[in-house]
$ cat structure-v8.pdb   # PDB, C-alpha atoms
ATOM      1  CA  MET A   1      91.973  72.137  94.801
ATOM      2  CA  GLN A   2      91.483  71.242  98.441
ATOM      3  CA  LYS A   3      89.849  67.948  99.263
ATOM      4  CA  TRP A   4      87.051  68.196 101.743
ATOM      5  CA  PRO A   5      87.770  66.198 104.918
ATOM      6  CA  GLU A   6      86.819  62.537 104.739
ATOM      7  CA  LEU A   7      83.927  63.114 102.355
ATOM      8  CA  ASN A   8      83.298  61.259  99.168
ATOM      9  CA  LEU A   9      82.177  64.214  97.047
ATOM     10  CA  SER A  10      81.875  64.426  93.299
ATOM     11  CA  ASP A  11      84.207  66.718  91.368
ATOM     12  CA  ASP A  12      81.443  69.165  90.483
ATOM     13  CA  THR A  13      80.436  69.459  94.148
ATOM     14  CA  ASN A  14      84.076  70.060  95.093
ATOM     15  CA  LYS A  15      84.303  72.815  92.465
ATOM     16  CA  LEU A  16      81.043  74.334  93.677
ATOM     17  CA  LEU A  17      82.240  74.389  97.289
ATOM     18  CA  GLU A  18      85.638  75.816  96.279
ATOM     19  CA  GLU A  19      83.922  78.596  94.336
ATOM     20  CA  LEU A  20      81.678  79.308  97.328
ATOM     21  CA  LYS A  21      84.747  79.551  99.556
ATOM     22  CA  ALA A  22      86.519  81.855  97.063
ATOM     23  CA  ARG A  23      83.518  84.164  96.779
ATOM     24  CA  LYS A  24      83.189  84.384 100.552
ATOM     25  CA  GLN A  25      86.884  85.243 100.903
ATOM     26  CA  LYS A  26      86.639  87.912  98.181
ATOM     27  CA  TRP A  27      83.603  89.494  99.852
ATOM     28  CA  ASP A  28      85.307  89.425 103.283
ATOM     29  CA  LYS A  29      88.462  91.011 101.845
ATOM     30  CA  LEU A  30      86.496  93.823 100.210
ATOM     31  CA  LYS A  31      84.521  94.431 103.417
ATOM     32  CA  ALA A  32      87.656  94.520 105.552
ATOM     33  CA  ILE A  33      89.383  97.226 103.488
ATOM     34  CA  GLN A  34      86.339  99.470 102.986
ATOM     35  CA  PRO A  35      86.500 101.334 106.348
ATOM     36  CA  VAL A  36      90.050 102.455 105.546
ATOM     37  CA  PHE A  37      88.929 104.030 102.277
ATOM     38  CA  ALA A  38      85.956 105.680 103.979
ATOM     39  CA  ILE A  39      88.168 107.195 106.691
ATOM     40  CA  VAL A  40      90.758 108.476 104.204
ATOM     41  CA  THR A  41      88.009 109.986 102.044
ATOM     42  CA  ALA A  42      86.400 111.671 105.052
ATOM     43  CA  ALA A  43      89.774 113.048 106.168
ATOM     44  CA  PHE A  44      90.455 114.616 102.774
ATOM     45  CA  VAL A  45      86.930 116.052 102.575
ATOM     46  CA  PHE A  46      87.236 117.609 106.041
ATOM     47  CA  PHE A  47      90.707 118.929 105.172
ATOM     48  CA  PHE A  48      89.307 120.547 102.020
ATOM     49  CA  ILE A  49      86.352 122.078 103.878
ATOM     50  CA  TYR A  50      88.592 123.457 106.609
ATOM     51  CA  THR A  51      91.141 124.842 104.122
ATOM     52  CA  PHE A  52      88.380 126.242 101.902
ATOM     53  CA  TYR A  53      86.836 128.059 104.838
ATOM     54  CA  ARG A  54      90.134 129.459 106.171
ATOM     55  CA  LYS A  55      91.804 130.397 102.877
ATOM     56  CA  VAL A  56      88.851 131.223 100.624
ATOM     57  CA  LEU A  57      85.615 132.132 102.398
ATOM     58  CA  VAL A  58      87.204 134.329 105.034
ATOM     59  CA  THR A  59      89.482 136.055 102.501
ATOM     60  CA  SER A  60      86.977 136.544  99.656
ATOM     61  CA  GLY A  61      84.177 138.106 101.654
ATOM     62  CA  GLY A  62      81.547 136.212  99.641
ATOM     63  CA  ASN A  63      82.557 137.461  96.170
ATOM     64  CA  ALA A  64      81.993 134.545  93.768
ATOM     65  CA  LEU A  65      84.765 135.533  91.345
ATOM     66  CA  ALA A  66      87.221 135.963  94.203
ATOM     67  CA  ILE A  67      86.238 132.524  95.573
ATOM     68  CA  LEU A  68      86.826 130.905  92.158
ATOM     69  CA  ASP A  69      90.143 132.733  91.740
ATOM     70  CA  LEU A  70      91.361 131.710  95.203
ATOM     71  CA  VAL A  71      90.404 128.067  94.688
ATOM     72  CA  ILE A  72      92.121 127.849  91.300
ATOM     73  CA  SER A  73      95.239 129.790  92.340
ATOM     74  CA  ASN A  74      95.891 127.744  95.488
ATOM     75  CA  PRO A  75      97.470 124.402  94.427
ATOM     76  CA  LEU A  76      96.915 122.847  97.881
ATOM     77  CA  LEU A  77      93.218 123.677  97.812
ATOM     78  CA  SER A  78      92.576 122.670  94.200
ATOM     79  CA  GLY A  79      94.611 119.472  94.707
ATOM     80  CA  SER A  80      92.705 118.541  97.848
ATOM     81  CA  LEU A  81      89.428 119.185  95.997
ATOM     82  CA  LEU A  82      90.453 116.849  93.172
ATOM     83  CA  ILE A  83      91.710 114.209  95.603
ATOM     84  CA  SER A  84      88.487 114.424  97.633
ATOM     85  CA  ILE A  85      86.322 113.991  94.543
ATOM     86  CA  SER A  86      88.476 111.110  93.273
ATOM     87  CA  LEU A  87      88.449 109.324  96.622
ATOM     88  CA  PHE A  88      84.696 109.773  96.953
ATOM     89  CA  LEU A  89      84.108 108.233  93.520
ATOM     90  CA  PHE A  90      86.584 105.436  94.255
ATOM     91  CA  THR A  91      84.923 104.669  97.604
ATOM     92  CA  ARG A  92      81.483 104.645  95.997
ATOM     93  CA  ASN A  93      82.788 102.264  93.321
ATOM     94  CA  ARG A  94      84.202  99.986  96.044
ATOM     95  CA  MET A  95      80.811  99.939  97.770
ATOM     96  CA  ASN A  96      79.242  98.780  94.502
ATOM     97  CA  GLN A  97      81.911  96.065  94.207
ATOM     98  CA  ILE A  98      81.151  94.923  97.758
ATOM     99  CA  GLU A  99      77.432  94.712  97.009
ATOM    100  CA  LYS A 100      78.109  92.792  93.800
ATOM    101  CA  ALA A 101      80.465  90.363  95.573
ATOM    102  CA  LYS A 102      77.890  89.849  98.344
ATOM    103  CA  SER A 103      75.147  89.193  95.816
ATOM    104  CA  LYS A 104      77.272  86.667  93.908
ATOM    105  CA  TYR A 105      78.233  84.924  97.146
ATOM    106  CA  GLU A 106      74.641  84.785  98.403
ATOM    107  CA  ASP A 107      73.342  83.463  95.062
ATOM    108  CA  LEU A 108      75.920  80.679  95.042
ATOM    109  CA  ARG A 109      75.313  79.921  98.729
ATOM    110  CA  ILE A 110      71.599  79.445  97.987
ATOM    111  CA  GLU A 111      72.494  77.226  95.021
ATOM    112  CA  VAL A 112      74.682  75.089  97.302
ATOM    113  CA  ILE A 113      71.859  74.817  99.833
ATOM    114  CA  GLU A 114      69.441  73.721  97.129
ATOM    115  CA  ARG A 115      71.947  71.291  95.644
ATOM    116  CA  LEU A 116      72.701  69.687  98.984
ATOM    117  CA  ASP A 117      69.041  69.612  99.947
ATOM    118  CA  THR A 118      68.217  66.500 101.876
ATOM    119  CA  SER A 119      65.307  64.907 103.653
ATOM    120  CA  TRP A 120      64.727  65.260 107.350
ATOM    121  CA  LEU A 121      65.460  61.591 107.919
ATOM    122  CA  LYS A 122      68.960  60.638 108.915
ATOM    123  CA  ASP A 123      70.778  58.723 106.208
ATOM    124  CA  VAL A 124      74.167  58.750 104.444
ATOM    125  CA  LYS A 125      73.236  61.803 102.358
ATOM    126  CA  SER A 126      72.137  63.809 105.385
ATOM    127  CA  GLU A 127      75.285  62.881 107.301
ATOM    128  CA  SER A 128      77.456  64.018 104.386
ATOM    129  CA  ARG A 129      75.534  67.287 104.197
ATOM    130  CA  ASP A 130      75.940  67.794 107.955
ATOM    131  CA  GLN A 131      79.694  67.235 107.677
ATOM    132  CA  ILE A 132      79.994  69.691 104.762
ATOM    133  CA  SER A 133      77.902  72.268 106.590
ATOM    134  CA  SER A 134      79.894  71.906 109.789
ATOM    135  CA  PHE A 135      83.235  72.108 107.995
ATOM    136  CA  LEU A 136      82.277  75.217 105.984
ATOM    137  CA  HIS A 137      80.955  76.937 109.081
ATOM    138  CA  GLN A 138      83.982  76.166 111.258
ATOM    139  CA  GLU A 139      86.712  76.833 108.670
ATOM    140  CA  TYR A 140      85.290  79.680 106.556
ATOM    141  CA  ASP A 141      82.254  81.033 108.453
ATOM    142  CA  ILE A 142      79.952  80.025 105.567
ATOM    143  CA  ASN A 143      76.373  79.120 106.397
ATOM    144  CA  ILE A 144      74.687  76.545 104.193
ATOM    145  CA  VAL A 145      72.071  75.495 106.722
ATOM    146  CA  TYR A 146      69.437  78.067 105.759
ATOM    147  CA  LYS A 147      68.949  80.500 102.868
ATOM    148  CA  SER A 148      68.044  83.768 104.560
TER     149      SER A 148
END

$ encode --input "structure-v8.pdb" --output "structure tokens"
Amino acid sequence: MQKWPELNLSDDTNKLLEELKARKQKWDKLKAIQPVFAIVTAAFVFFFIYTFYRKVLVTSGGNALAILDLVISNPLLSGSLLISISLFLFTRNRMNQIEKAKSKYEDLRIEVIERLDTSWLKDVKSESRDQISSFLHQEYDINIVYKS
């Protein structure tokens, strides 16, 4: 566990701040990867739509049984359909994970703010809180100054 710079913090406060840092890093990691999944999903969906139009709709002439037969008989088309559906569900699941990670981070951040609550008068406690706040903001881009 990392020691916070030149601060005399209790072990439970250290653990709380470490958990806050870990949750922020998890949320940032999930957010950073999400655009890649969205782009790959969109590419497969567009590929399927284009292939479906060229190989099925144009060829079948609107006959529903012919459309179904062409989709099932073409391994590229049926594979791209399955991949598109799978990627869409995976991407949606990742979005839910991102929202959950954000919620957990925000809840803990508010708990840290409430725990480190201090008066408006300058004293040792307020100086310690200012140092913690400054360090978290500079090193990990975590705001514990205000809740919303």

$ closest_atom_pairs --input "structure-v8.pdb" --of "segment 17-119 of chain A" --to "segment 130-145 of chain A" --cutoff "10 Å" --atoms "all atoms listed in the file" --output "JSON lines"
{"residue": "A:Leu17", "atom": "CA", "partner": "A:Leu136", "partner_atom": "CA", "distance": 8.7}
{"residue": "A:Leu20", "atom": "CA", "partner": "A:Ile142", "partner_atom": "CA", "distance": 8.4}
{"residue": "A:Lys21", "atom": "CA", "partner": "A:Tyr140", "partner_atom": "CA", "distance": 7.0}
{"residue": "A:Ala22", "atom": "CA", "partner": "A:Tyr140", "partner_atom": "CA", "distance": 9.8}
{"residue": "A:Lys24", "atom": "CA", "partner": "A:Ile142", "partner_atom": "CA", "distance": 7.4}
{"residue": "A:Gln25", "atom": "CA", "partner": "A:Tyr140", "partner_atom": "CA", "distance": 8.1}
{"residue": "A:Tyr105", "atom": "CA", "partner": "A:Ile142", "partner_atom": "CA", "distance": 9.9}
{"residue": "A:Glu106", "atom": "CA", "partner": "A:Asn143", "partner_atom": "CA", "distance": 9.9}
{"residue": "A:Arg109", "atom": "CA", "partner": "A:Ile144", "partner_atom": "CA", "distance": 6.5}
{"residue": "A:Ile110", "atom": "CA", "partner": "A:Ile144", "partner_atom": "CA", "distance": 7.5}
{"residue": "A:Glu111", "atom": "CA", "partner": "A:Ile144", "partner_atom": "CA", "distance": 9.5}
{"residue": "A:Val112", "atom": "CA", "partner": "A:Ile144", "partner_atom": "CA", "distance": 7.0}
{"residue": "A:Ile113", "atom": "CA", "partner": "A:Ile144", "partner_atom": "CA", "distance": 5.5}
{"residue": "A:Glu114", "atom": "CA", "partner": "A:Ile144", "partner_atom": "CA", "distance": 9.2}
{"residue": "A:Leu116", "atom": "CA", "partner": "A:Ile144", "partner_atom": "CA", "distance": 8.8}
{"residue": "A:Asp117", "atom": "CA", "partner": "A:Val145", "partner_atom": "CA", "distance": 9.5}
{"residue": "A:Thr118", "atom": "CA", "partner": "A:Asp130", "partner_atom": "CA", "distance": 9.9}

$ atom_distance --input "structure-v8.pdb" --atom1 "atom CA of Asp28 of chain A" --atom2 "atom CA of Asn96 of chain A"
14.2 Å

$ atom_distance --input "structure-v8.pdb" --atom1 "atom CA of Phe52 of chain A" --atom2 "atom CA of Phe37 of chain A"
22.2 Å

$ atom_distance --input "structure-v8.pdb" --atom1 "atom CA of Arg92 of chain A" --atom2 "atom CA of Phe44 of chain A"
15.0 Å

$ closest_residue --input "structure-v8.pdb" --among "A:Leu82, A:Leu89, A:Leu77, A:Ile98" --to "Thr51 of chain A" --atoms "only C-alpha atoms"
A:Leu77

$ closest_residue --input "structure-v8.pdb" --among "A:Lys125, A:Arg115, A:Gln97, A:Ile72" --to "Trp27 of chain A" --atoms "only C-alpha atoms"
A:Gln97

$ resolve_selection --input "structure-v8.pdb" --expression "the PyMOL selection byres ((chain A and resi 38-43) around 9)" --output "ChimeraX atom specification"
/A:34-37,44-48,83-88,91

$ axis_aligned_box --input "structure-v8.pdb" --around "segment 53-68 of chain A" --padding-each-side "5 Å" --output "lines of an AutoDock Vina configuration file"
center_x = 86.7
center_y = 133.1
center_z = 98.8
size_x = 20.3
size_y = 20.0
size_z = 24.8

$ residues_near_point --input "structure-v8.pdb" --point "(89.4, 134.2, 100.8)" --cutoff "10 Å" --atoms "only C-alpha atoms" --output "PDB file with C-alpha atoms, in the coordinates of the input"
ATOM      1  CA  PHE A  52      88.380 126.242 101.902  1.00  0.00           C
ATOM      2  CA  TYR A  53      86.836 128.059 104.838  1.00  0.00           C
ATOM      3  CA  ARG A  54      90.134 129.459 106.171  1.00  0.00           C
ATOM      4  CA  LYS A  55      91.804 130.397 102.877  1.00  0.00           C
ATOM      5  CA  VAL A  56      88.851 131.223 100.624  1.00  0.00           C
ATOM      6  CA  LEU A  57      85.615 132.132 102.398  1.00  0.00           C
ATOM      7  CA  VAL A  58      87.204 134.329 105.034  1.00  0.00           C
ATOM      8  CA  THR A  59      89.482 136.055 102.501  1.00  0.00           C
ATOM      9  CA  SER A  60      86.977 136.544  99.656  1.00  0.00           C
ATOM     10  CA  GLY A  61      84.177 138.106 101.654  1.00  0.00           C
ATOM     11  CA  GLY A  62      81.547 136.212  99.641  1.00  0.00           C
ATOM     12  CA  ASN A  63      82.557 137.461  96.170  1.00  0.00           C
ATOM     13  CA  ALA A  66      87.221 135.963  94.203  1.00  0.00           C
ATOM     14  CA  ILE A  67      86.238 132.524  95.573  1.00  0.00           C
ATOM     15  CA  LEU A  68      86.826 130.905  92.158  1.00  0.00           C
ATOM     16  CA  ASP A  69      90.143 132.733  91.740  1.00  0.00           C
ATOM     17  CA  LEU A  70      91.361 131.710  95.203  1.00  0.00           C
ATOM     18  CA  VAL A  71      90.404 128.067  94.688  1.00  0.00           C
TER      19      VAL A  71
END

$ residues_around --input "structure-v8.pdb" --residues "Lys104 of chain A" --least-positions-apart "4" --cutoff "8 Å" --atoms "only C-alpha atoms" --output "list in words"
Arg23, Lys100 and Leu108 of chain A

$ decode --input "structure-v8.pdb" --residues "segment 2-146 of chain A" --atoms "C-alpha atoms" --output "PDB file, in the first residue's frame"
ATOM      1  CA  GLN A   2       1.313   3.417  -0.943  1.00  0.00           C
ATOM      2  CA  LYS A   3       1.926   5.915   1.812  1.00  0.00           C
ATOM      3  CA  TRP A   4       0.432   9.293   1.184  1.00  0.00           C
ATOM      4  CA  PRO A   5       3.092  12.029   1.023  1.00  0.00           C
ATOM      5  CA  GLU A   6       4.085  13.478   4.378  1.00  0.00           C
ATOM      6  CA  LEU A   7       0.669  12.944   5.935  1.00  0.00           C
ATOM      7  CA  ASN A   8      -0.018  11.296   9.223  1.00  0.00           C
ATOM      8  CA  LEU A   9      -3.109   9.326   8.194  1.00  0.00           C
ATOM      9  CA  SER A  10      -4.751   6.446   9.978  1.00  0.00           C
ATOM     10  CA  ASP A  11      -4.696   2.995   8.393  1.00  0.00           C
ATOM     11  CA  ASP A  12      -8.416   3.029   7.638  1.00  0.00           C
ATOM     12  CA  THR A  13      -8.095   6.387   5.862  1.00  0.00           C
ATOM     13  CA  ASN A  14      -5.164   5.031   3.844  1.00  0.00           C
ATOM     14  CA  LYS A  15      -7.257   2.005   2.838  1.00  0.00           C
ATOM     15  CA  LEU A  16     -10.187   4.243   1.941  1.00  0.00           C
ATOM     16  CA  LEU A  17      -8.010   6.463  -0.254  1.00  0.00           C
ATOM     17  CA  GLU A  18      -6.358   3.437  -1.902  1.00  0.00           C
ATOM     18  CA  GLU A  19      -9.774   1.976  -2.704  1.00  0.00           C
ATOM     19  CA  LEU A  20     -10.879   5.330  -4.127  1.00  0.00           C
ATOM     20  CA  LYS A  21      -7.782   5.403  -6.328  1.00  0.00           C
ATOM     21  CA  ALA A  22      -8.373   1.799  -7.480  1.00  0.00           C
ATOM     22  CA  ARG A  23     -12.006   2.477  -8.352  1.00  0.00           C
ATOM     23  CA  LYS A  24     -11.071   5.583 -10.319  1.00  0.00           C
ATOM     24  CA  GLN A  25      -8.429   3.650 -12.269  1.00  0.00           C
ATOM     25  CA  LYS A  26     -10.888   0.825 -13.019  1.00  0.00           C
ATOM     26  CA  TRP A  27     -13.512   3.290 -14.263  1.00  0.00           C
ATOM     27  CA  ASP A  28     -10.932   5.134 -16.413  1.00  0.00           C
ATOM     28  CA  LYS A  29      -9.700   1.850 -17.907  1.00  0.00           C
ATOM     29  CA  LEU A  30     -13.225   0.756 -18.817  1.00  0.00           C
ATOM     30  CA  LYS A  31     -13.989   4.170 -20.339  1.00  0.00           C
ATOM     31  CA  ALA A  32     -10.796   4.179 -22.387  1.00  0.00           C
ATOM     32  CA  ILE A  33     -11.474   0.821 -24.069  1.00  0.00           C
ATOM     33  CA  GLN A  34     -15.184   1.368 -24.767  1.00  0.00           C
ATOM     34  CA  PRO A  35     -14.814   3.400 -28.013  1.00  0.00           C
ATOM     35  CA  VAL A  36     -12.817   0.549 -29.559  1.00  0.00           C
ATOM     36  CA  PHE A  37     -15.622  -1.922 -28.889  1.00  0.00           C
ATOM     37  CA  ALA A  38     -18.219   0.514 -30.222  1.00  0.00           C
ATOM     38  CA  ILE A  39     -16.267   1.048 -33.454  1.00  0.00           C
ATOM     39  CA  VAL A  40     -15.697  -2.681 -34.012  1.00  0.00           C
ATOM     40  CA  THR A  41     -19.384  -3.389 -33.369  1.00  0.00           C
ATOM     41  CA  ALA A  42     -20.458  -0.648 -35.778  1.00  0.00           C
ATOM     42  CA  ALA A  43     -18.065  -1.957 -38.439  1.00  0.00           C
ATOM     43  CA  PHE A  44     -19.472  -5.480 -38.224  1.00  0.00           C
ATOM     44  CA  VAL A  45     -23.061  -4.198 -38.275  1.00  0.00           C
ATOM     45  CA  PHE A  46     -22.388  -2.069 -41.364  1.00  0.00           C
ATOM     46  CA  PHE A  47     -20.576  -4.989 -43.015  1.00  0.00           C
ATOM     47  CA  PHE A  48     -23.584  -7.234 -42.358  1.00  0.00           C
ATOM     48  CA  ILE A  49     -26.054  -4.647 -43.677  1.00  0.00           C
ATOM     49  CA  TYR A  50     -24.006  -4.073 -46.816  1.00  0.00           C
ATOM     50  CA  THR A  51     -23.521  -7.810 -47.446  1.00  0.00           C
ATOM     51  CA  PHE A  52     -27.182  -8.528 -46.681  1.00  0.00           C
ATOM     52  CA  TYR A  53     -28.295  -5.917 -49.181  1.00  0.00           C
ATOM     53  CA  ARG A  54     -25.898  -7.020 -51.946  1.00  0.00           C
ATOM     54  CA  LYS A  55     -26.172 -10.801 -51.554  1.00  0.00           C
ATOM     55  CA  VAL A  56     -29.714 -11.272 -50.247  1.00  0.00           C
ATOM     56  CA  LEU A  57     -32.129  -8.419 -50.935  1.00  0.00           C
ATOM     57  CA  VAL A  58     -31.038  -7.819 -54.505  1.00  0.00           C
ATOM     58  CA  THR A  59     -30.953 -11.551 -55.312  1.00  0.00           C
ATOM     59  CA  SER A  60     -34.177 -12.630 -53.565  1.00  0.00           C
ATOM     60  CA  GLY A  61     -36.489 -10.023 -55.024  1.00  0.00           C
ATOM     61  CA  GLY A  62     -38.345  -9.668 -51.709  1.00  0.00           C
ATOM     62  CA  ASN A  63     -39.360 -13.331 -51.292  1.00  0.00           C
ATOM     63  CA  ALA A  64     -39.198 -14.075 -47.548  1.00  0.00           C
ATOM     64  CA  LEU A  65     -38.316 -17.761 -47.951  1.00  0.00           C
ATOM     65  CA  ALA A  66     -35.582 -16.919 -50.441  1.00  0.00           C
ATOM     66  CA  ILE A  67     -34.190 -14.288 -48.031  1.00  0.00           C
ATOM     67  CA  LEU A  68     -34.102 -16.832 -45.176  1.00  0.00           C
ATOM     68  CA  ASP A  69     -32.508 -19.464 -47.423  1.00  0.00           C
ATOM     69  CA  LEU A  70     -29.832 -17.053 -48.669  1.00  0.00           C
ATOM     70  CA  VAL A  71     -28.970 -15.873 -45.160  1.00  0.00           C
ATOM     71  CA  ILE A  72     -28.666 -19.410 -43.790  1.00  0.00           C
ATOM     72  CA  SER A  73     -26.782 -20.811 -46.799  1.00  0.00           C
ATOM     73  CA  ASN A  74     -24.160 -18.048 -46.888  1.00  0.00           C
ATOM     74  CA  PRO A  75     -21.615 -18.735 -44.088  1.00  0.00           C
ATOM     75  CA  LEU A  76     -20.092 -15.234 -44.381  1.00  0.00           C
ATOM     76  CA  LEU A  77     -23.472 -13.577 -43.951  1.00  0.00           C
ATOM     77  CA  SER A  78     -24.736 -15.808 -41.140  1.00  0.00           C
ATOM     78  CA  GLY A  79     -21.357 -15.533 -39.372  1.00  0.00           C
ATOM     79  CA  SER A  80     -21.327 -11.751 -39.625  1.00  0.00           C
ATOM     80  CA  LEU A  81     -24.899 -11.678 -38.277  1.00  0.00           C
ATOM     81  CA  LEU A  82     -23.904 -13.771 -35.257  1.00  0.00           C
ATOM     82  CA  ILE A  83     -20.754 -11.722 -34.679  1.00  0.00           C
ATOM     83  CA  SER A  84     -22.726  -8.465 -34.932  1.00  0.00           C
ATOM     84  CA  ILE A  85     -25.307  -9.645 -32.408  1.00  0.00           C
ATOM     85  CA  SER A  86     -22.604 -10.939 -30.047  1.00  0.00           C
ATOM     86  CA  LEU A  87     -20.582  -7.733 -30.252  1.00  0.00           C
ATOM     87  CA  PHE A  88     -23.681  -5.617 -29.694  1.00  0.00           C
ATOM     88  CA  LEU A  89     -24.576  -7.575 -26.553  1.00  0.00           C
ATOM     89  CA  PHE A  90     -20.963  -7.472 -25.354  1.00  0.00           C
ATOM     90  CA  THR A  91     -20.749  -3.703 -25.916  1.00  0.00           C
ATOM     91  CA  ARG A  92     -24.034  -3.151 -24.096  1.00  0.00           C
ATOM     92  CA  ASN A  93     -22.742  -5.261 -21.196  1.00  0.00           C
ATOM     93  CA  ARG A  94     -19.546  -3.170 -21.105  1.00  0.00           C
ATOM     94  CA  MET A  95     -21.628   0.011 -20.943  1.00  0.00           C
ATOM     95  CA  ASN A  96     -23.436  -1.409 -17.910  1.00  0.00           C
ATOM     96  CA  GLN A  97     -20.067  -2.251 -16.321  1.00  0.00           C
ATOM     97  CA  ILE A  98     -18.878   1.311 -16.940  1.00  0.00           C
ATOM     98  CA  GLU A  99     -21.997   2.749 -15.313  1.00  0.00           C
ATOM     99  CA  LYS A 100     -21.618   0.412 -12.341  1.00  0.00           C
ATOM    100  CA  ALA A 101     -17.924   1.294 -11.926  1.00  0.00           C
ATOM    101  CA  LYS A 102     -18.763   5.012 -12.142  1.00  0.00           C
ATOM    102  CA  SER A 103     -21.499   4.651  -9.548  1.00  0.00           C
ATOM    103  CA  LYS A 104     -19.217   2.759  -7.151  1.00  0.00           C
ATOM    104  CA  TYR A 105     -16.466   5.342  -7.622  1.00  0.00           C
ATOM    105  CA  GLU A 106     -18.825   8.284  -7.092  1.00  0.00           C
ATOM    106  CA  ASP A 107     -20.363   6.710  -3.968  1.00  0.00           C
ATOM    107  CA  LEU A 108     -16.938   6.156  -2.434  1.00  0.00           C
ATOM    108  CA  ARG A 109     -15.770   9.632  -3.478  1.00  0.00           C
ATOM    109  CA  ILE A 110     -18.751  11.151  -1.641  1.00  0.00           C
ATOM    110  CA  GLU A 111     -17.967   8.979   1.390  1.00  0.00           C
ATOM    111  CA  VAL A 112     -14.376  10.268   1.363  1.00  0.00           C
ATOM    112  CA  ILE A 113     -15.615  13.854   1.142  1.00  0.00           C
ATOM    113  CA  GLU A 114     -17.935  13.312   4.088  1.00  0.00           C
ATOM    114  CA  ARG A 115     -15.250  11.527   6.086  1.00  0.00           C
ATOM    115  CA  LEU A 116     -12.698  14.258   5.510  1.00  0.00           C
ATOM    116  CA  ASP A 117     -15.245  16.984   6.153  1.00  0.00           C
ATOM    117  CA  THR A 118     -13.694  19.877   7.972  1.00  0.00           C
ATOM    118  CA  SER A 119     -14.609  23.304   9.231  1.00  0.00           C
ATOM    119  CA  TRP A 120     -13.966  26.443   7.267  1.00  0.00           C
ATOM    120  CA  LEU A 121     -11.369  27.597   9.766  1.00  0.00           C
ATOM    121  CA  LYS A 122      -7.764  26.818   9.032  1.00  0.00           C
ATOM    122  CA  ASP A 123      -6.304  24.273  11.418  1.00  0.00           C
ATOM    123  CA  VAL A 124      -4.228  21.069  11.291  1.00  0.00           C
ATOM    124  CA  LYS A 125      -7.202  18.998  10.110  1.00  0.00           C
ATOM    125  CA  SER A 126      -8.023  21.388   7.281  1.00  0.00           C
ATOM    126  CA  GLU A 127      -4.391  21.519   6.169  1.00  0.00           C
ATOM    127  CA  SER A 128      -4.233  17.716   6.063  1.00  0.00           C
ATOM    128  CA  ARG A 129      -7.449  17.612   4.047  1.00  0.00           C
ATOM    129  CA  ASP A 130      -6.075  20.233   1.640  1.00  0.00           C
ATOM    130  CA  GLN A 131      -2.902  18.190   1.145  1.00  0.00           C
ATOM    131  CA  ILE A 132      -4.888  14.985   0.507  1.00  0.00           C
ATOM    132  CA  SER A 133      -7.198  16.780  -1.903  1.00  0.00           C
ATOM    133  CA  SER A 134      -4.323  18.374  -3.781  1.00  0.00           C
ATOM    134  CA  PHE A 135      -2.382  15.119  -4.021  1.00  0.00           C
ATOM    135  CA  LEU A 136      -5.380  13.106  -5.278  1.00  0.00           C
ATOM    136  CA  HIS A 137      -6.213  15.755  -7.844  1.00  0.00           C
ATOM    137  CA  GLN A 138      -2.665  16.111  -9.179  1.00  0.00           C
ATOM    138  CA  GLU A 139      -1.715  12.410  -9.225  1.00  0.00           C
ATOM    139  CA  TYR A 140      -4.990  10.639 -10.083  1.00  0.00           C
ATOM    140  CA  ASP A 141      -7.422  13.352 -11.252  1.00  0.00           C
ATOM    141  CA  ILE A 142      -9.757  12.578  -8.321  1.00  0.00           C
ATOM    142  CA  ASN A 143     -11.874  15.401  -6.958  1.00  0.00           C
ATOM    143  CA  ILE A 144     -12.707  15.308  -3.265  1.00  0.00           C
ATOM    144  CA  VAL A 145     -13.397  19.014  -2.910  1.00  0.00           C
ATOM    145  CA  TYR A 146     -17.101  18.880  -3.765  1.00  0.00           C
TER     146      TYR A 146
END
